[in-house]
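Notes to accompany the following structure.
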Amino acid sequence: MGVTILPDLGTEILIPVCAVIGIAFSLLQWAIVSKVKVSPTPANTGTVGGKNGYSDYLIEEEEGLNDHNVVLKCAEIQNAISEGATSFLFTEYQYVGVFMVVFAILIFVFLGSVEGFSTKSQPCTFDPFKMCKPALATAAFSTVSFVLGAITSVVSGFLGMKIATYANARTTLEARKGVGKAFIVAFRSGAVMGFLLAANGLLVLYIIINLFKLYYGDDWAGLFESITGYGLGGSSMALFGRVGGGIYTKAADVGADLVGKVERNIPEDDPRNPAVIADNVGDNVGDIAGMGSDLFGSYAESSCAALVVASISSFGINHEFTAMLYPLIISSVGIIVCLITTLFATDFFEIKAVKDIEPSLKRQLIISTVLMTIGIAIVSWVALPSSFTIFNFGTQKVVKNWQLFLCVAVGLWAGLIIGFVTEYYTSNAYSPVQDVADSCRTGAATNVIFGLALGYKSVIIPIFAIAISIFVSFTFAAMYGVAVAALGMLSTIATGLAIDAYGPISDNAGGIAEMAGMSHRIRERTDALDAAGNTTAAIGKGFAIGSAALVSLALFGAFVSRAAIVTVDVLTPKVFIGLIVGAMLPYWFSAMTMKSVGSAALKMVEEVRRQFNTIPGLMEGTAKPDYATCVKISTDASIKEMIPPGALVMLTPLIVGIFFGVETLSGVLAGALVSGVQIAISASNTGGAWDNAKKYIEAGASEHAISLGPKGSDPHKAAVIGDTIGDPLKDTSGPSLNILIKLMAVESLVFAPFFATHGGLLFKIWN
């Protein structure tokens, strides 16, 4: 085996330095955003000019537009949204905190009992002639890394939400100066979240590895096995964040839309609508906090899966530190690449018109992918020996460094393909969404039929992209190849998250403009930002689902290796029953989450109707609605309803592993992976298409769209109904499914030693 060009000391400096640069860059973006004041100041005098100048004259000095009342109103609404989001997340985290403690105890007890809580050294799992640290140590360290992963995930989500609620009113106020200014504020704020999350995830993981190494010394297999808890912690918090936040946001959204738009014929985000604050809070807790935790979980798990496989390959056996940390070096380079990419949106190109917004966001994806390909090539050349061996189900496979480069690159480009296919099916610039909008002529039923067909069709190309990347990466470097392909897809996570967080921030900005009574032209600008944001959110979900498929396969491989299963034979009844039950789980989970949104929305609709019927002067705008009650309905429903789906996902691997054993569990994981990916892609694309079909009719930007409109027409009402059905699909069930498939796989991996030793009780009794 050769040596690496990059010395170990270089690795020890490179990773933390890149992480610190990422954090510093996000703080710089935050400082720039905070220059936009949300307090009434005298009219600007244009002293500091420049492209992103903060003292330009307002483009329109219309009546009352530079009025202090507008700014004060924006600040007041921003406060209400921020308080609502913060109080919900604190309530959610109290419940999740209890779960975290209980689950941490479970991990310790289950893994400690593998060797009967013995503190003596044990023969190594993969090399019985060597002595390794006791199982009790793995139990203790896995528990610590689980808690650290959970905390990092929660902090990632919370910081994202804080940044988004800080930026929403600032985006609205900048929209008075033009669409370009508003875009830059929203995008910079998204970048704050993207870079903080990518850098924090990397830094915490790097610190944990170095701290654990003090105890484990040369036992790298034990060290990286205990690190898997980090991914489990990250994803378990993401599950509750995604499901809880998704139920919250959609209960409010459906309630606000059905009563406000369809029954009362008032615009979206009208301040007379009692559910409007809850709806805007929901964007932050579901789309921002949930998405942040979700992508952090994917990142942590793909790193853990790659490290576990590498630790039992030549990297781990020969203690090659730089090659071992290849996954972390990719992520470090990714932060620098994303930093350069971000400058293209904020500094190198100026957005002058509405039509420039979507191309600018798409350019981010292309630039980051191209630059990252070069970055991966350099990293593979300097951080890997020219030839090495990778563990492949009991044998060692010889791999060259260029093959590993291709594994990462194929994942990276598959991500881009999935992103663009998602955009084609969900953007109203292309025919699929325009066809869905056209079907609204004959009512809601045809709209629903067209939308469902679009969703199912949109699965085809992403699945081929995932299949090809799995085939290429597995052929070259076995399960390690699949894990680094997933990391390749997530290597540009900072840019992906910036684009993704931009959507809800723009959505909130539009809501604030409407509630503050700003002019029609400003609402048009925020709507244009929001429509682009809708598509980018769909692209973000595509990335999350694609990477989840690769991550769960890599974790599945690590689990099979750790549980010492030589082959997973579908023809054995033990495996097949697992396969068929696993394929059913995403449907059961989706049923739970959809029904939760439905029942919460039911309460919301009744409450909004009650207020319209009983509060005198509400429709006339002379009385204020009771926003707090609607916020409370959403909060209570989501906290209560997130527990059963969460329990289903967390308990399934434990029950199957303990009672049916590792072979049945491997079947369950494969089944859930295969069916979950399909449902997740079709659900999120169907929902995204319905949403943008409605926006297409509302914007009236083409003759075709004008013939279907205006707002309030029959085709528009049919489009609103489609959008409402799509809401729980695209923002609750769809995005939560990718966590289901990853979480079950990483949980099985963490508990693999226990299942392998004590699992399969029913079959033992049977025999």
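Chains: A, B, ... in order of the structure tokens. Residues: from 1 per chain. Ligands: from 1, in order shown.
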(message) If we count only C-alpha atoms and set the cut-off at 9 Å, which residues sit around A:Ile466, ignoring sequence neighbours fewer than 6 positions away in its own chain? Please answer as JSON, numbers by chain.
(response) {"A": [411, 414, 415, 418, 546, 547, 549, 550]}
(message) Show me, as JSON, numbers by chain, the residues that have an atom within 10 Å of A:Ala437 when counting only C-alpha atoms, minus same-chain residues fewer than 6 positions from it.
(response) {"A": [428, 431, 446, 447, 450, 451, 689, 690, 691, 692, 693, 694, 695, 696, 697, 704, 705, 708, 715, 716, 718, 719, 722]}
(request) Could you give me, as an NGL selection string, the residues within 12 Å of A:Gly657, counting only C-alpha atoms and dropping anything in the same chain fewer than 5 positions from it? (result) :A and (110 or 559 or 563 or 574 or 578 or 650-652 or 662-669 or 744-745 or 747-763)
(request) In Å, rounded to a single decimal, give me how far atom CA of A:Asp356 is from atom CA of A:Asp269. (result)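 These atoms are spaced 25.5 Å apart.
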(message) Neighbouring residues of A:Val179 were defined as those with any atom within 7 Å, considering only C-alpha atoms; residues of the same chain fewer than 4 positions away were excluded. Please report them as a ChimeraX atom specification.
(response) /A:175,183,353-354,525
Write out the residues from the selection above, keeping C-alpha atoms, as a PDB file, in the first residue's frame.
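In the end it all went to part-v9.pdb:
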```
ATOM      1  CA  ALA A 175     -38.058  44.500  -1.896  1.00  0.00           C
ATOM      2  CA  PHE A 183     -33.036  38.295  -3.474  1.00  0.00           C
ATOM      3  CA  ALA A 353     -35.161  41.479 -13.159  1.00  0.00           C
ATOM      4  CA  VAL A 354     -37.535  38.776 -11.994  1.00  0.00           C
ATOM      5  CA  ARG A 525     -41.685  40.960  -6.346  1.00  0.00           C
TER       6      ARG A 525
END
```
(request) With a distance cut-off of 7 Å and only C-alpha atoms, select the neighbouring residues of A:Gly255, excluding the residue or stretch itself and same-chain residues fewer than 4 positions from it, and output the selection as a PyMOL selection string. (result) chain A and resi 251+259+275+601+604-605
Filtering to all heavy atoms, could you give me those residues as a compact mmCIF listing (two decimals), in the first residue's frame?
```
# COMPACT_ATOMS: atom_id res chain seq x y z
N ALA A 251 -51.02 21.96 8.82
CA ALA A 251 -52.33 22.17 9.46
C ALA A 251 -52.73 23.63 9.30
O ALA A 251 -53.87 23.95 8.93
CB ALA A 251 -52.25 21.80 10.94
N VAL A 259 -60.37 28.05 4.12
CA VAL A 259 -61.38 29.03 4.55
C VAL A 259 -61.12 30.38 3.89
O VAL A 259 -62.02 31.02 3.35
CB VAL A 259 -61.40 29.19 6.09
CG1 VAL A 259 -62.51 30.14 6.51
CG2 VAL A 259 -61.59 27.84 6.75
N ALA A 275 -55.47 32.25 10.69
CA ALA A 275 -54.41 31.21 10.67
C ALA A 275 -53.13 31.72 10.02
O ALA A 275 -52.18 30.96 9.84
CB ALA A 275 -54.91 29.98 9.93
N ALA A 601 -55.77 19.91 10.52
CA ALA A 601 -56.34 20.92 9.61
C ALA A 601 -57.84 21.07 9.85
O ALA A 601 -58.39 22.17 9.76
CB ALA A 601 -56.08 20.52 8.17
N MET A 604 -58.31 23.32 12.63
CA MET A 604 -57.93 24.67 12.21
C MET A 604 -59.04 25.31 11.38
O MET A 604 -59.40 26.46 11.59
CB MET A 604 -56.62 24.60 11.41
CG MET A 604 -56.04 25.93 11.06
SD MET A 604 -55.46 26.82 12.49
CE MET A 604 -53.90 26.01 12.80
N VAL A 605 -59.60 24.54 10.43
CA VAL A 605 -60.67 25.07 9.57
C VAL A 605 -61.86 25.49 10.44
O VAL A 605 -62.43 26.58 10.27
CB VAL A 605 -61.10 24.01 8.52
CG1 VAL A 605 -62.40 24.41 7.83
CG2 VAL A 605 -60.01 23.81 7.49
```
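Here atom CA of A:Ser439 and atom CA of A:Ser458 stand 17.9 Å from one another.
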(request) Excluding stretch 311-325 of chain A and any residue of its chain fewer than 3 positions from it, enumerate the residues within 8 Å of it, using only C-alpha atoms, and give them as a PyMOL selection string. (result) chain A and resi 4+6-8+11+126+218+220-221+224+307-308+328-329+383-385+388-391+396
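Among the candidates A:Asn401, A:Ser561, A:Thr249, A:Thr536, the residue lying nearest to A:Val3 is A:Asn401 (atoms considered: only C-alpha atoms).
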Would you list the contacts of stretch 32-39 of chain A as a short mmCIF file (atom, residue, chain, number, x, y, z; two decimals) with N, CA, C and O atoms, in the first residue's frame, taking every protein, DNA or RNA residue within 8 Å and counting only C-alpha atoms, but skipping same-chain residues closer than 5 positions in sequence?
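Written out: result_14.cif:
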```
data_model
loop_
_atom_site.label_atom_id
_atom_site.label_comp_id
_atom_site.auth_asym_id
_atom_site.auth_seq_id
_atom_site.Cartn_x
_atom_site.Cartn_y
_atom_site.Cartn_z
N TYR A 54 -26.55 49.60 0.92
CA TYR A 54 -27.70 49.52 1.81
C TYR A 54 -28.33 50.88 1.95
O TYR A 54 -29.19 51.08 2.77
N VAL A 71 -42.78 50.05 8.26
CA VAL A 71 -41.61 49.42 8.87
C VAL A 71 -41.97 48.86 10.24
O VAL A 71 -41.59 47.74 10.59
N LEU A 72 -42.72 49.65 11.00
CA LEU A 72 -43.12 49.19 12.34
C LEU A 72 -43.99 47.94 12.24
O LEU A 72 -43.85 47.01 13.02
N CYS A 74 -43.97 45.72 9.83
CA CYS A 74 -43.11 44.59 9.46
C CYS A 74 -42.40 44.03 10.69
O CYS A 74 -42.33 42.81 10.88
N ALA A 75 -41.87 44.95 11.53
CA ALA A 75 -41.15 44.52 12.73
C ALA A 75 -42.08 43.77 13.67
O ALA A 75 -41.71 42.74 14.26
N ALA A 167 -34.43 37.20 9.01
CA ALA A 167 -34.25 37.73 7.65
C ALA A 167 -35.55 38.04 6.93
O ALA A 167 -35.54 38.80 5.96
N ALA A 169 -38.44 39.78 7.44
CA ALA A 169 -38.91 41.17 7.31
C ALA A 169 -37.87 42.01 6.57
O ALA A 169 -38.21 42.95 5.85
N ARG A 170 -36.61 41.67 6.75
CA ARG A 170 -35.55 42.43 6.06
C ARG A 170 -35.66 42.24 4.54
O ARG A 170 -35.43 43.16 3.78
N LEU A 173 -38.53 44.47 3.33
CA LEU A 173 -38.17 45.89 3.27
C LEU A 173 -37.23 46.17 2.10
O LEU A 173 -37.32 47.20 1.46
N GLU A 174 -36.34 45.22 1.84
CA GLU A 174 -35.42 45.42 0.70
C GLU A 174 -36.16 45.34 -0.63
O GLU A 174 -35.70 45.90 -1.62
N VAL A 185 -30.68 39.54 0.08
CA VAL A 185 -30.88 39.38 1.54
C VAL A 185 -31.36 37.95 1.84
O VAL A 185 -30.85 37.29 2.74
N ARG A 188 -28.41 35.46 1.12
CA ARG A 188 -27.36 35.52 2.15
C ARG A 188 -27.82 34.83 3.44
O ARG A 188 -27.05 34.12 4.08
N SER A 189 -29.08 35.05 3.79
CA SER A 189 -29.59 34.44 5.03
C SER A 189 -29.61 32.93 4.91
O SER A 189 -29.28 32.22 5.87
#
```
Write out as JSON lines the residues of stretch 182-296 of chain A that have any atom within 10 Å of an atom of stretch 537-544 of chain A, one row each with the nearest atom pair and its distance in Å to one decimal, counting only C-alpha atoms, sorted by chain and then rising number.
```
{"residue": "A:Asp287", "atom": "CA", "partner": "A:Ala537", "partner_atom": "CA", "distance": 8.5}
{"residue": "A:Met291", "atom": "CA", "partner": "A:Lys541", "partner_atom": "CA", "distance": 8.5}
{"residue": "A:Asp294", "atom": "CA", "partner": "A:Ala544", "partner_atom": "CA", "distance": 7.8}
{"residue": "A:Leu295", "atom": "CA", "partner": "A:Ala544", "partner_atom": "CA", "distance": 6.6}
```
(request) Return the single residue from A:Lys181, A:Leu740, A:Val570, A:Glu358 that is closest to A:Ala528, with distances computed using only C-alpha atoms. (result)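 That would be A:Glu358, the residue with the smallest distance to A:Ala528.
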